[in-house]
>>> print(open('run-v4.json').read())   # JSON, C-alpha atoms
[["chain", "number", "residue", "atom", "x", "y", "z"],
["A", 1, "MET", "CA", 65.72, 104.12, 99.43],
["A", 2, "SER", "CA", 66.56, 100.59, 100.57],
["A", 3, "PRO", "CA", 70.14, 99.80, 101.74],
["A", 4, "THR", "CA", 70.73, 97.59, 98.70],
["A", 5, "LEU", "CA", 69.58, 100.21, 96.21],
["A", 6, "ARG", "CA", 71.56, 102.84, 98.06],
["A", 7, "LEU", "CA", 74.70, 100.73, 97.81],
["A", 8, "ILE", "CA", 74.21, 100.17, 94.08],
["A", 9, "PHE", "CA", 73.58, 103.88, 93.60],
["A", 10, "MET", "CA", 76.74, 104.85, 95.45],
["A", 11, "TYR", "CA", 78.85, 102.35, 93.55],
["A", 12, "VAL", "CA", 77.57, 103.45, 90.13],
["A", 13, "LEU", "CA", 78.10, 107.03, 91.19],
["A", 14, "PHE", "CA", 81.66, 106.13, 92.15],
["A", 15, "LEU", "CA", 82.34, 104.76, 88.68],
["A", 16, "CYS", "CA", 81.16, 108.00, 87.13],
["A", 17, "CYS", "CA", 82.79, 110.61, 89.35],
["A", 18, "LEU", "CA", 85.81, 109.63, 91.37],
["A", 19, "SER", "CA", 87.34, 112.41, 93.43],
["A", 20, "PRO", "CA", 91.10, 113.00, 93.58],
["A", 21, "CYS", "CA", 93.04, 110.78, 95.94],
["A", 22, "ALA", "CA", 94.68, 112.04, 99.10],
["A", 23, "ALA", "CA", 97.13, 109.85, 101.01],
["A", 24, "ASP", "CA", 100.74, 109.25, 101.85],
["A", 25, "LEU", "CA", 102.46, 106.05, 100.82],
["A", 26, "CYS", "CA", 101.16, 103.81, 103.60],
["A", 27, "ASN", "CA", 98.51, 105.52, 105.71],
["A", 28, "TRP", "CA", 95.51, 107.77, 105.25],
["A", 29, "SER", "CA", 93.33, 109.74, 107.63],
["A", 30, "GLY", "CA", 90.51, 112.09, 106.81],
["A", 31, "SER", "CA", 87.11, 113.43, 107.78],
["A", 32, "GLY", "CA", 83.78, 113.01, 106.08],
["A", 33, "LEU", "CA", 82.69, 116.43, 107.31],
["A", 34, "ALA", "CA", 85.03, 118.15, 104.88],
["A", 35, "ARG", "CA", 83.57, 116.15, 102.03],
["A", 36, "GLU", "CA", 79.99, 117.01, 103.00],
["A", 37, "ALA", "CA", 80.85, 120.73, 102.87],
["A", 38, "GLU", "CA", 82.17, 120.54, 99.32],
["A", 39, "ALA", "CA", 79.99, 121.18, 96.28],
["A", 40, "ASN", "CA", 80.75, 117.74, 94.85],
["A", 41, "SER", "CA", 80.00, 115.89, 98.08],
["A", 42, "ARG", "CA", 78.11, 113.24, 96.13],
["A", 43, "THR", "CA", 81.33, 111.87, 94.72],
["A", 44, "VAL", "CA", 83.02, 108.84, 96.18],
["A", 45, "GLN", "CA", 86.37, 109.73, 97.67],
["A", 46, "GLN", "CA", 89.23, 107.57, 96.45],
["A", 47, "VAL", "CA", 92.49, 106.82, 98.24],
["A", 48, "ARG", "CA", 95.47, 104.98, 96.77],
["A", 49, "LEU", "CA", 98.01, 103.40, 99.13],
["A", 50, "ARG", "CA", 101.43, 102.27, 97.91],
["A", 51, "CYS", "CA", 102.68, 100.07, 100.76],
["A", 52, "THR", "CA", 102.20, 96.44, 101.72],
["A", 53, "GLU", "CA", 100.98, 97.47, 105.18],
["A", 54, "GLY", "CA", 99.50, 100.53, 106.79],
["A", 55, "SER", "CA", 96.29, 101.99, 108.18],
["A", 56, "VAL", "CA", 93.17, 103.94, 107.23],
["A", 57, "GLU", "CA", 91.20, 106.19, 109.60],
["A", 58, "TRP", "CA", 87.97, 107.91, 108.53],
["A", 59, "VAL", "CA", 86.29, 110.06, 111.16],
["A", 60, "TYR", "CA", 82.71, 111.31, 110.77],
["A", 61, "PRO", "CA", 82.26, 109.12, 107.67],
["A", 62, "GLY", "CA", 80.00, 110.49, 104.97],
["A", 63, "GLN", "CA", 78.94, 109.04, 101.62],
["A", 64, "ALA", "CA", 81.60, 106.49, 100.63],
["A", 65, "LEU", "CA", 85.34, 105.91, 100.57],
["A", 66, "ARG", "CA", 87.25, 103.64, 98.17],
["A", 67, "VAL", "CA", 90.74, 102.48, 99.21],
["A", 68, "VAL", "CA", 92.89, 101.00, 96.44],
["A", 69, "LEU", "CA", 95.92, 98.95, 97.47],
["A", 70, "GLU", "CA", 98.66, 99.08, 94.84],
["A", 71, "PRO", "CA", 102.11, 98.69, 96.42],
["A", 72, "ASN", "CA", 105.16, 99.99, 94.62],
["A", 73, "LEU", "CA", 106.74, 96.53, 94.80],
["A", 74, "SER", "CA", 105.12, 95.48, 91.55],
["A", 75, "SER", "CA", 107.48, 92.52, 91.16],
["A", 76, "ALA", "CA", 106.14, 90.90, 94.35],
["A", 77, "ARG", "CA", 103.07, 88.71, 94.02],
["A", 78, "HIS", "CA", 100.47, 89.46, 96.66],
["A", 79, "THR", "CA", 97.60, 87.00, 96.64],
["A", 80, "THR", "CA", 95.88, 87.83, 99.94],
["A", 81, "VAL", "CA", 94.79, 91.01, 101.72],
["A", 82, "CYS", "CA", 94.13, 91.01, 105.46],
["A", 83, "ILE", "CA", 92.52, 93.86, 107.39],
["A", 84, "LYS", "CA", 91.89, 94.32, 111.08],
["A", 85, "PRO", "CA", 89.24, 96.93, 112.02],
["A", 86, "PHE", "CA", 89.93, 99.24, 114.92],
["A", 87, "ARG", "CA", 88.08, 98.61, 118.16],
["A", 88, "SER", "CA", 86.28, 101.94, 117.76],
["A", 89, "PHE", "CA", 84.95, 101.01, 114.30],
["A", 90, "ASN", "CA", 81.48, 102.58, 114.08],
["A", 91, "GLY", "CA", 79.56, 104.23, 111.27],
["A", 92, "ALA", "CA", 80.16, 102.29, 108.05],
["A", 93, "SER", "CA", 80.03, 98.89, 106.40],
["A", 94, "VAL", "CA", 83.02, 97.33, 104.66],
["A", 95, "TYR", "CA", 82.86, 95.81, 101.18],
["A", 96, "ILE", "CA", 85.49, 94.15, 99.01],
["A", 97, "GLU", "CA", 85.57, 95.12, 95.37],
["A", 98, "ARG", "CA", 86.33, 92.24, 93.02],
["A", 99, "ALA", "CA", 85.68, 92.02, 89.28],
["A", 100, "GLY", "CA", 83.44, 95.07, 89.36],
["A", 101, "GLU", "CA", 81.24, 93.73, 92.16],
["A", 102, "LEU", "CA", 81.01, 94.43, 95.88],
["A", 103, "ASP", "CA", 81.05, 91.66, 98.47],
["A", 104, "LEU", "CA", 80.08, 92.49, 102.05],
["A", 105, "LEU", "CA", 82.94, 91.87, 104.48],
["A", 106, "MET", "CA", 81.72, 93.45, 107.71],
["A", 107, "THR", "CA", 78.62, 95.39, 108.73],
["A", 108, "ASP", "CA", 78.59, 98.31, 111.12],
["A", 109, "GLY", "CA", 78.67, 96.99, 114.67],
["A", 110, "GLY", "CA", 80.17, 93.69, 113.51],
["A", 111, "ARG", "CA", 83.26, 92.06, 114.97],
["A", 112, "PRO", "CA", 86.00, 94.67, 115.33],
["A", 113, "GLU", "CA", 89.56, 93.67, 116.13],
["A", 114, "GLN", "CA", 89.19, 90.44, 114.18],
["A", 115, "VAL", "CA", 91.35, 89.79, 111.15],
["A", 116, "PHE", "CA", 89.52, 89.38, 107.83],
["A", 117, "CYS", "CA", 91.38, 88.02, 104.80],
["A", 118, "PHE", "CA", 90.33, 87.80, 101.16],
["A", 119, "PRO", "CA", 92.05, 86.76, 97.92],
["A", 120, "ALA", "CA", 93.58, 89.47, 95.75],
["A", 121, "ASP", "CA", 95.16, 87.56, 92.89],
["A", 122, "GLY", "CA", 92.91, 88.83, 90.11],
["A", 123, "PRO", "CA", 93.84, 91.23, 87.27],
["A", 124, "GLN", "CA", 92.60, 94.29, 89.19],
["A", 125, "LYS", "CA", 94.19, 95.95, 92.19],
["A", 126, "PRO", "CA", 92.44, 95.02, 95.46],
["A", 127, "ALA", "CA", 90.08, 97.70, 96.70],
["A", 128, "ILE", "CA", 88.16, 98.20, 99.94],
["A", 129, "PHE", "CA", 84.87, 100.09, 99.74],
["A", 130, "LEU", "CA", 83.51, 101.81, 102.87],
["A", 131, "LEU", "CA", 79.87, 102.88, 102.80],
["A", 132, "ALA", "CA", 78.84, 105.30, 105.53],
["A", 133, "ASN", "CA", 75.61, 104.53, 107.32],
["A", 134, "PRO", "CA", 72.91, 107.24, 107.13],
["A", 135, "GLN", "CA", 72.68, 108.59, 110.68],
["A", 136, "ARG", "CA", 71.94, 112.05, 111.95],
["A", 137, "ASP", "CA", 74.10, 111.82, 115.05],
["A", 138, "ILE", "CA", 77.68, 111.47, 113.84],
["A", 139, "SER", "CA", 79.41, 112.72, 116.98],
["A", 140, "GLN", "CA", 80.65, 109.26, 117.98],
["A", 141, "ARG", "CA", 81.34, 107.80, 114.56],
["A", 142, "ALA", "CA", 84.78, 106.74, 113.37],
["A", 143, "VAL", "CA", 85.95, 103.88, 111.18],
["A", 144, "GLY", "CA", 89.44, 102.61, 110.61],
["A", 145, "PHE", "CA", 91.49, 99.52, 110.00],
["A", 146, "ARG", "CA", 95.00, 98.23, 109.52],
["A", 147, "TYR", "CA", 95.85, 96.33, 106.36],
["A", 148, "GLU", "CA", 98.57, 93.99, 105.13],
["A", 149, "LEU", "CA", 99.19, 92.42, 101.73],
["A", 150, "LEU", "CA", 100.48, 88.87, 101.93],
["A", 151, "GLY", "CA", 102.24, 86.62, 99.47],
["A", 152, "ASN", "CA", 101.33, 83.20, 98.19],
["A", 153, "ARG", "CA", 100.17, 80.60, 100.76],
["A", 154, "THR", "CA", 102.00, 81.86, 103.84],
["A", 155, "THR", "CA", 102.71, 85.13, 105.60],
["A", 156, "ALA", "CA", 106.16, 84.62, 107.04],
["A", 157, "ASN", "CA", 108.18, 85.43, 103.94],
["A", 158, "ASN", "CA", 106.26, 88.61, 103.15],
["A", 159, "LEU", "CA", 106.37, 90.64, 106.33],
["A", 160, "GLY", "CA", 109.93, 91.85, 106.47],
["A", 161, "GLN", "CA", 109.29, 94.29, 109.29],
["A", 162, "SER", "CA", 107.80, 91.65, 111.57],
["A", 163, "VAL", "CA", 109.67, 89.68, 114.18],
["A", 164, "LEU", "CA", 110.33, 85.98, 113.68],
["A", 165, "GLN", "CA", 108.63, 83.56, 116.02],
["A", 166, "VAL", "CA", 110.10, 80.11, 116.69],
["A", 167, "VAL", "CA", 108.16, 77.66, 118.85],
["A", 168, "ARG", "CA", 108.33, 73.91, 119.32],
["A", 169, "GLY", "CA", 105.20, 72.11, 120.45],
["A", 170, "SER", "CA", 102.21, 69.91, 119.72],
["A", 171, "ILE", "CA", 99.00, 70.78, 117.89],
["A", 172, "ARG", "CA", 96.18, 70.53, 120.39],
["A", 173, "ASN", "CA", 93.37, 71.78, 118.17],
["A", 174, "VAL", "CA", 92.68, 73.53, 114.85],
["A", 175, "SER", "CA", 89.59, 75.63, 114.18],
["A", 176, "HIS", "CA", 88.65, 77.04, 110.77],
["A", 177, "ASN", "CA", 86.75, 80.19, 109.89],
["A", 178, "ALA", "CA", 85.49, 80.18, 106.30],
["A", 179, "GLU", "CA", 84.17, 83.74, 106.55],
["A", 180, "ARG", "CA", 87.54, 85.15, 107.57],
["A", 181, "GLN", "CA", 89.48, 82.66, 105.42],
["A", 182, "THR", "CA", 91.77, 81.86, 108.35],
["A", 183, "SER", "CA", 92.59, 78.97, 110.68],
["A", 184, "LEU", "CA", 93.57, 79.10, 114.34],
["A", 185, "VAL", "CA", 96.10, 76.54, 115.57],
["A", 186, "GLU", "CA", 96.24, 75.87, 119.31],
["A", 187, "VAL", "CA", 99.75, 74.83, 120.37],
["A", 188, "SER", "CA", 100.39, 73.21, 123.76],
["A", 189, "GLU", "CA", 103.34, 71.73, 125.65],
["A", 190, "ALA", "CA", 105.47, 74.22, 123.80],
["A", 191, "ARG", "CA", 109.01, 75.44, 124.15],
["A", 192, "VAL", "CA", 109.54, 79.03, 122.99],
["A", 193, "TYR", "CA", 112.86, 79.78, 121.34],
["A", 194, "ARG", "CA", 112.02, 83.32, 120.24],
["A", 195, "GLN", "CA", 109.04, 85.67, 120.48],
["A", 196, "ARG", "CA", 108.55, 89.41, 120.80],
["A", 197, "SER", "CA", 105.38, 89.70, 122.86],
["A", 198, "GLY", "CA", 103.22, 87.51, 125.03],
["A", 199, "VAL", "CA", 101.54, 85.48, 122.29],
["A", 200, "PHE", "CA", 102.71, 82.33, 124.10],
["A", 201, "GLU", "CA", 102.23, 82.22, 127.86],
["A", 202, "ARG", "CA", 103.93, 79.98, 130.38],
["A", 203, "HIS", "CA", 101.77, 77.53, 132.32],
["A", 204, "THR", "CA", 103.40, 76.43, 135.56],
["A", 205, "GLY", "CA", 103.32, 72.82, 136.66],
["A", 206, "THR", "CA", 101.34, 71.51, 139.59],
["A", 207, "ILE", "CA", 103.26, 71.57, 142.85],
["A", 208, "GLY", "CA", 103.78, 68.12, 144.32],
["A", 209, "VAL", "CA", 102.86, 66.25, 141.15],
["A", 210, "PRO", "CA", 105.76, 64.12, 139.88],
["A", 211, "GLY", "CA", 106.78, 64.91, 136.30],
["A", 212, "SER", "CA", 104.78, 68.10, 136.26],
["A", 213, "SER", "CA", 106.75, 71.04, 134.85],
["A", 214, "SER", "CA", 106.07, 74.41, 133.27],
["A", 215, "SER", "CA", 105.32, 74.67, 129.55],
["A", 216, "TRP", "CA", 104.10, 77.24, 127.06],
["A", 217, "HIS", "CA", 100.69, 77.53, 125.42],
["A", 218, "GLY", "CA", 99.39, 79.79, 122.68],
["A", 219, "HIS", "CA", 97.66, 80.20, 119.35],
["A", 220, "ILE", "CA", 99.00, 80.67, 115.83],
["A", 221, "HIS", "CA", 96.99, 82.03, 112.92],
["A", 222, "THR", "CA", 97.32, 80.91, 109.33],
["A", 223, "LEU", "CA", 95.43, 81.20, 106.07],
["A", 224, "LEU", "CA", 92.65, 78.72, 105.45],
["A", 225, "GLN", "CA", 94.22, 77.73, 102.13],
["A", 226, "CYS", "CA", 97.19, 76.23, 104.01],
["A", 227, "HIS", "CA", 94.90, 73.34, 105.09],
["A", 228, "VAL", "CA", 96.43, 72.86, 108.54],
["A", 229, "LYS", "CA", 95.15, 69.76, 110.34],
["A", 230, "PRO", "CA", 95.73, 68.32, 113.83],
["A", 231, "GLY", "CA", 98.43, 65.67, 113.99],
["A", 232, "GLY", "CA", 100.45, 63.73, 116.50],
["A", 233, "GLY", "CA", 104.04, 64.45, 117.42],
["A", 234, "GLU", "CA", 106.03, 67.63, 117.88],
["A", 235, "PHE", "CA", 106.32, 70.40, 115.32],
["A", 236, "LEU", "CA", 108.69, 73.32, 114.93],
["A", 237, "PHE", "CA", 106.50, 76.35, 114.22],
["A", 238, "THR", "CA", 108.11, 79.34, 112.56],
["A", 239, "GLY", "CA", 106.38, 82.51, 111.47],
["A", 240, "THR", "CA", 105.99, 86.19, 112.18],
["A", 241, "GLU", "CA", 103.89, 88.46, 114.33],
["A", 242, "HIS", "CA", 101.53, 90.99, 112.82],
["A", 243, "PHE", "CA", 98.33, 92.63, 114.01],
["A", 244, "GLY", "CA", 99.63, 91.63, 117.47],
["A", 245, "GLU", "CA", 99.16, 87.95, 116.62],
["A", 246, "ALA", "CA", 101.44, 85.07, 115.65],
["A", 247, "TRP", "CA", 101.07, 83.91, 112.04],
["A", 248, "LEU", "CA", 102.40, 80.63, 110.74],
["A", 249, "GLY", "CA", 105.21, 80.39, 108.21],
["A", 250, "CYS", "CA", 105.94, 76.68, 108.15],
["A", 251, "ALA", "CA", 105.73, 73.80, 110.62],
["A", 252, "PRO", "CA", 107.92, 70.77, 109.89],
["A", 253, "ARG", "CA", 107.83, 67.85, 112.27],
["A", 254, "TYR", "CA", 110.55, 68.38, 114.83],
["A", 255, "LYS", "CA", 112.16, 65.00, 114.22],
["A", 256, "ASP", "CA", 112.38, 65.71, 110.47],
["A", 257, "PHE", "CA", 113.91, 69.10, 111.13],
["A", 258, "MET", "CA", 116.48, 67.62, 113.51],
["A", 259, "SER", "CA", 117.43, 64.96, 110.96],
["A", 260, "LEU", "CA", 118.12, 67.60, 108.32],
["A", 261, "TYR", "CA", 119.85, 69.86, 110.83],
["A", 262, "GLN", "CA", 122.23, 67.15, 112.03],
["A", 263, "SER", "CA", 123.03, 66.09, 108.46],
["A", 264, "ALA", "CA", 123.81, 69.69, 107.51],
["A", 265, "TRP", "CA", 125.88, 70.08, 110.69],
["A", 266, "ALA", "CA", 127.95, 67.03, 109.84],
["A", 267, "ALA", "CA", 128.55, 68.43, 106.35],
["A", 268, "ARG", "CA", 129.34, 71.88, 107.81],
["A", 269, "GLN", "CA", 126.57, 73.46, 105.77],
["A", 270, "ASN", "CA", 124.54, 75.03, 108.59],
["A", 271, "PRO", "CA", 124.17, 78.81, 108.14],
["A", 272, "CYS", "CA", 123.41, 79.17, 111.88],
["A", 273, "GLU", "CA", 123.17, 77.20, 115.09],
["A", 274, "PHE", "CA", 119.94, 75.98, 116.66],
["A", 275, "PRO", "CA", 119.69, 75.19, 120.38],
["A", 276, "LEU", "CA", 119.51, 71.44, 120.97],
["A", 277, "ASP", "CA", 118.09, 69.64, 124.00]]
>>> encode(input="run-v4.json", output="structure tokens")
Amino acid sequence: MSPTLRLIFMYVLFLCCLSPCAADLCNWSGSGLAREAEANSRTVQQVRLRCTEGSVEWVYPGQALRVVLEPNLSSARHTTVCIKPFRSFNGASVYIERAGELDLLMTDGGRPEQVFCFPADGPQKPAIFLLANPQRDISQRAVGFRYELLGNRTTANNLGQSVLQVVRGSIRNVSHNAERQTSLVEVSEARVYRQRSGVFERHTGTIGVPGSSSSWHGHIHTLLQCHVKPGGGEFLFTGTEHFGEAWLGCAPRYKDFMSLYQSAWAARQNPCEFPLD
């Protein structure tokens, strides 16, 4: 049976005979060996997760696994799902289920540890479909990923457990990835006001060169739909860190921010103080 026909077969089979779900609120881990031993091993195992972020780990994958993301915060509007496969991802292909169809997101042996994002603003709950690859030797096979549900346009206001990043600097370059639906913003000549990890690194100045001083350099991720473009001048980048990476919230021009800040300061309307040069 060809891979395409096998995929169609498994998906139709899933629609006819879903197995009971097994998961906690945020994370799930399980083994495909247990499923193979059961009498109804032809069924597609289904997992429902109720959080906006968590992880899935499937060791010795067999047949197929369907992960439905339906957070309890039904009042919040989540329009984007991002997943980051584990480095050890091996043994299955990843599909996104939308409107009753499956779209290939990542093949086995693809690009682990990269963040993949896809829209999830349709009438159905977003679902991730894992199809195990037919291999006899399963001793080294394990698949897993971390997931996060994001709100409209940006990530910063939707990741309450993440740490705020505040950086001032210039946009050196912007690269876009249509497949991952993300953009990568390279920030140079930066001043870091707050960060949790080493996303931004300090570059020391050249000894003996007048005017040469240390500065910070790093990269910030954002969704492709934000349409970030290179531009002159300084920006104040704010956002959060998730998946071990900095993600953009907003980036006003620094001079515009300072104008508003000083006006609010004069009117005694500032909720907090910001360090000035």
>>> residues_around(input="run-v4.json", residues="Phe145 in chain A", least_positions_apart="4", cutoff="6 Å", atoms="all atoms listed in the file", output="PyMOL selection string")
chain A and resi 55-56+84-86
>>> write_last_selection(input="run-v4.json", atoms="C-alpha atoms", output="short mmCIF file (atom, residue, chain, number, x, y, z; two decimals), in the frame of the given file")
data_model
loop_
_atom_site.label_atom_id
_atom_site.label_comp_id
_atom_site.auth_asym_id
_atom_site.auth_seq_id
_atom_site.Cartn_x
_atom_site.Cartn_y
_atom_site.Cartn_z
CA SER A 55 96.29 101.99 108.18
CA VAL A 56 93.17 103.94 107.23
CA LYS A 84 91.89 94.32 111.08
CA PRO A 85 89.24 96.93 112.02
CA PHE A 86 89.93 99.24 114.92
#
>>> atom_distance(input="run-v4.json", atom1="CA of Thr43 in chain A", atom2="CA of Gly91 in chain A")
18.3 Å
>>> residues_around(input="run-v4.json", residues="range 175-183 of chain A", least_positions_apart="4", cutoff="9 Å", atoms="all atoms listed in the file", output="MDAnalysis selection string")
chainID A and resid 105 114:119 220:229
>>> atom_distance(input="run-v4.json", atom1="CA of Leu184 in chain A", atom2="CA of Gly244 in chain A")
14.3 Å
>>> atom_distance(input="run-v4.json", atom1="CA of Pro134 in chain A", atom2="CA of Leu104 in chain A")
17.2 Å
>>> residues_around(input="run-v4.json", residues="Leu69 in chain A", least_positions_apart="4", cutoff="12 Å", atoms="all atoms listed in the file", output="PDB file with C-alpha atoms, in the coordinates of the input")
ATOM      1  CA  ALA A  23      97.130 109.850 101.010  1.00  0.00           C
ATOM      2  CA  LEU A  25     102.460 106.050 100.820  1.00  0.00           C
ATOM      3  CA  CYS A  26     101.160 103.810 103.600  1.00  0.00           C
ATOM      4  CA  ASN A  27      98.510 105.520 105.710  1.00  0.00           C
ATOM      5  CA  TRP A  28      95.510 107.770 105.250  1.00  0.00           C
ATOM      6  CA  GLN A  46      89.230 107.570  96.450  1.00  0.00           C
ATOM      7  CA  VAL A  47      92.490 106.820  98.240  1.00  0.00           C
ATOM      8  CA  ARG A  48      95.470 104.980  96.770  1.00  0.00           C
ATOM      9  CA  LEU A  49      98.010 103.400  99.130  1.00  0.00           C
ATOM     10  CA  ARG A  50     101.430 102.270  97.910  1.00  0.00           C
ATOM     11  CA  CYS A  51     102.680 100.070 100.760  1.00  0.00           C
ATOM     12  CA  THR A  52     102.200  96.440 101.720  1.00  0.00           C
ATOM     13  CA  GLU A  53     100.980  97.470 105.180  1.00  0.00           C
ATOM     14  CA  GLY A  54      99.500 100.530 106.790  1.00  0.00           C
ATOM     15  CA  SER A  55      96.290 101.990 108.180  1.00  0.00           C
ATOM     16  CA  VAL A  56      93.170 103.940 107.230  1.00  0.00           C
ATOM     17  CA  LEU A  73     106.740  96.530  94.800  1.00  0.00           C
ATOM     18  CA  SER A  74     105.120  95.480  91.550  1.00  0.00           C
ATOM     19  CA  HIS A  78     100.470  89.460  96.660  1.00  0.00           C
ATOM     20  CA  THR A  80      95.880  87.830  99.940  1.00  0.00           C
ATOM     21  CA  VAL A  81      94.790  91.010 101.720  1.00  0.00           C
ATOM     22  CA  CYS A  82      94.130  91.010 105.460  1.00  0.00           C
ATOM     23  CA  ILE A  83      92.520  93.860 107.390  1.00  0.00           C
ATOM     24  CA  ILE A  96      85.490  94.150  99.010  1.00  0.00           C
ATOM     25  CA  GLU A  97      85.570  95.120  95.370  1.00  0.00           C
ATOM     26  CA  ALA A 120      93.580  89.470  95.750  1.00  0.00           C
ATOM     27  CA  GLN A 124      92.600  94.290  89.190  1.00  0.00           C
ATOM     28  CA  LYS A 125      94.190  95.950  92.190  1.00  0.00           C
ATOM     29  CA  PRO A 126      92.440  95.020  95.460  1.00  0.00           C
ATOM     30  CA  ALA A 127      90.080  97.700  96.700  1.00  0.00           C
ATOM     31  CA  ILE A 128      88.160  98.200  99.940  1.00  0.00           C
ATOM     32  CA  PHE A 129      84.870 100.090  99.740  1.00  0.00           C
ATOM     33  CA  TYR A 147      95.850  96.330 106.360  1.00  0.00           C
ATOM     34  CA  GLU A 148      98.570  93.990 105.130  1.00  0.00           C
ATOM     35  CA  LEU A 149      99.190  92.420 101.730  1.00  0.00           C
ATOM     36  CA  LEU A 150     100.480  88.870 101.930  1.00  0.00           C
TER      37      LEU A 150
END
>>> closest_residue(input="run-v4.json", among="A:Phe243, A:Phe200, A:Phe89, A:Phe274", to="Leu260 in chain A", atoms="only C-alpha atoms")
A:Phe274
>>> residues_near_point(input="run-v4.json", point="(95.1, 77.3, 118.8)", cutoff="6 Å", atoms="only C-alpha atoms", output="ChimeraX atom specification")
/A:173-174,184-187,219-220
>>> write_last_selection(input="run-v4.json", atoms="C-alpha atoms", output="PDB file, keeping the file's coordinate frame")
ATOM      1  CA  ASN A 173      93.370  71.780 118.170  1.00  0.00           C
ATOM      2  CA  VAL A 174      92.680  73.530 114.850  1.00  0.00           C
ATOM      3  CA  LEU A 184      93.570  79.100 114.340  1.00  0.00           C
ATOM      4  CA  VAL A 185      96.100  76.540 115.570  1.00  0.00           C
ATOM      5  CA  GLU A 186      96.240  75.870 119.310  1.00  0.00           C
ATOM      6  CA  VAL A 187      99.750  74.830 120.370  1.00  0.00           C
ATOM      7  CA  HIS A 219      97.660  80.200 119.350  1.00  0.00           C
ATOM      8  CA  ILE A 220      99.000  80.670 115.830  1.00  0.00           C
TER       9      ILE A 220
END
>>> closest_residue(input="run-v4.json", among="A:Gly122, A:Gly30, A:Gly169, A:Pro252", to="Glu234 in chain A", atoms="only C-alpha atoms")
A:Gly169
>>> closest_residue(input="run-v4.json", among="A:Val59, A:Val199, A:Ala64, A:Leu276", to="Met258 in chain A", atoms="only C-alpha atoms")
A:Leu276
>>> closest_residue(input="run-v4.json", among="A:Trp265, A:Glu245, A:Leu236, A:Pro230", to="Ser197 in chain A", atoms="only C-alpha atoms")
A:Glu245
>>> build_atoms(input="run-v4.json", residues="range 170-182 of chain A", atoms="N, CA and C atoms", output="mmCIF file, in the frame of the given file")
data_model
loop_
_atom_site.group_PDB
_atom_site.id
_atom_site.type_symbol
_atom_site.label_atom_id
_atom_site.label_comp_id
_atom_site.auth_asym_id
_atom_site.auth_seq_id
_atom_site.Cartn_x
_atom_site.Cartn_y
_atom_site.Cartn_z
ATOM 1 N N SER A 170 103.180 70.833 120.297
ATOM 2 C CA SER A 170 102.210 69.910 119.720
ATOM 3 C C SER A 170 100.936 70.648 119.360
ATOM 4 N N ILE A 171 100.267 70.185 118.303
ATOM 5 C CA ILE A 171 99.000 70.780 117.890
ATOM 6 C C ILE A 171 97.883 70.172 118.737
ATOM 7 N N ARG A 172 97.272 70.995 119.539
ATOM 8 C CA ARG A 172 96.180 70.530 120.390
ATOM 9 C C ARG A 172 94.837 70.584 119.686
ATOM 10 N N ASN A 173 94.651 71.637 118.865
ATOM 11 C CA ASN A 173 93.370 71.780 118.170
ATOM 12 C C ASN A 173 93.547 72.759 117.016
ATOM 13 N N VAL A 174 92.706 72.610 115.989
ATOM 14 C CA VAL A 174 92.680 73.530 114.850
ATOM 15 C C VAL A 174 91.232 73.882 114.558
ATOM 16 N N SER A 175 90.928 75.175 114.522
ATOM 17 C CA SER A 175 89.590 75.630 114.180
ATOM 18 C C SER A 175 89.664 76.483 112.915
ATOM 19 N N HIS A 176 88.659 76.346 112.054
ATOM 20 C CA HIS A 176 88.650 77.040 110.770
ATOM 21 C C HIS A 176 87.511 78.039 110.727
ATOM 22 N N ASN A 177 87.759 79.157 110.053
ATOM 23 C CA ASN A 177 86.750 80.190 109.890
ATOM 24 C C ASN A 177 86.646 80.518 108.396
ATOM 25 N N ALA A 178 85.624 79.982 107.746
ATOM 26 C CA ALA A 178 85.490 80.180 106.300
ATOM 27 C C ALA A 178 85.206 81.634 105.956
ATOM 28 N N GLU A 179 84.492 82.339 106.829
ATOM 29 C CA GLU A 179 84.170 83.740 106.550
ATOM 30 C C GLU A 179 85.418 84.604 106.540
ATOM 31 N N ARG A 180 86.307 84.368 107.494
ATOM 32 C CA ARG A 180 87.540 85.150 107.570
ATOM 33 C C ARG A 180 88.662 84.568 106.743
ATOM 34 N N GLN A 181 88.473 83.351 106.226
ATOM 35 C CA GLN A 181 89.480 82.660 105.420
ATOM 36 C C GLN A 181 90.765 82.439 106.212
ATOM 37 N N THR A 182 90.614 82.107 107.494
ATOM 38 C CA THR A 182 91.770 81.860 108.350
ATOM 39 C C THR A 182 91.535 80.610 109.180
#
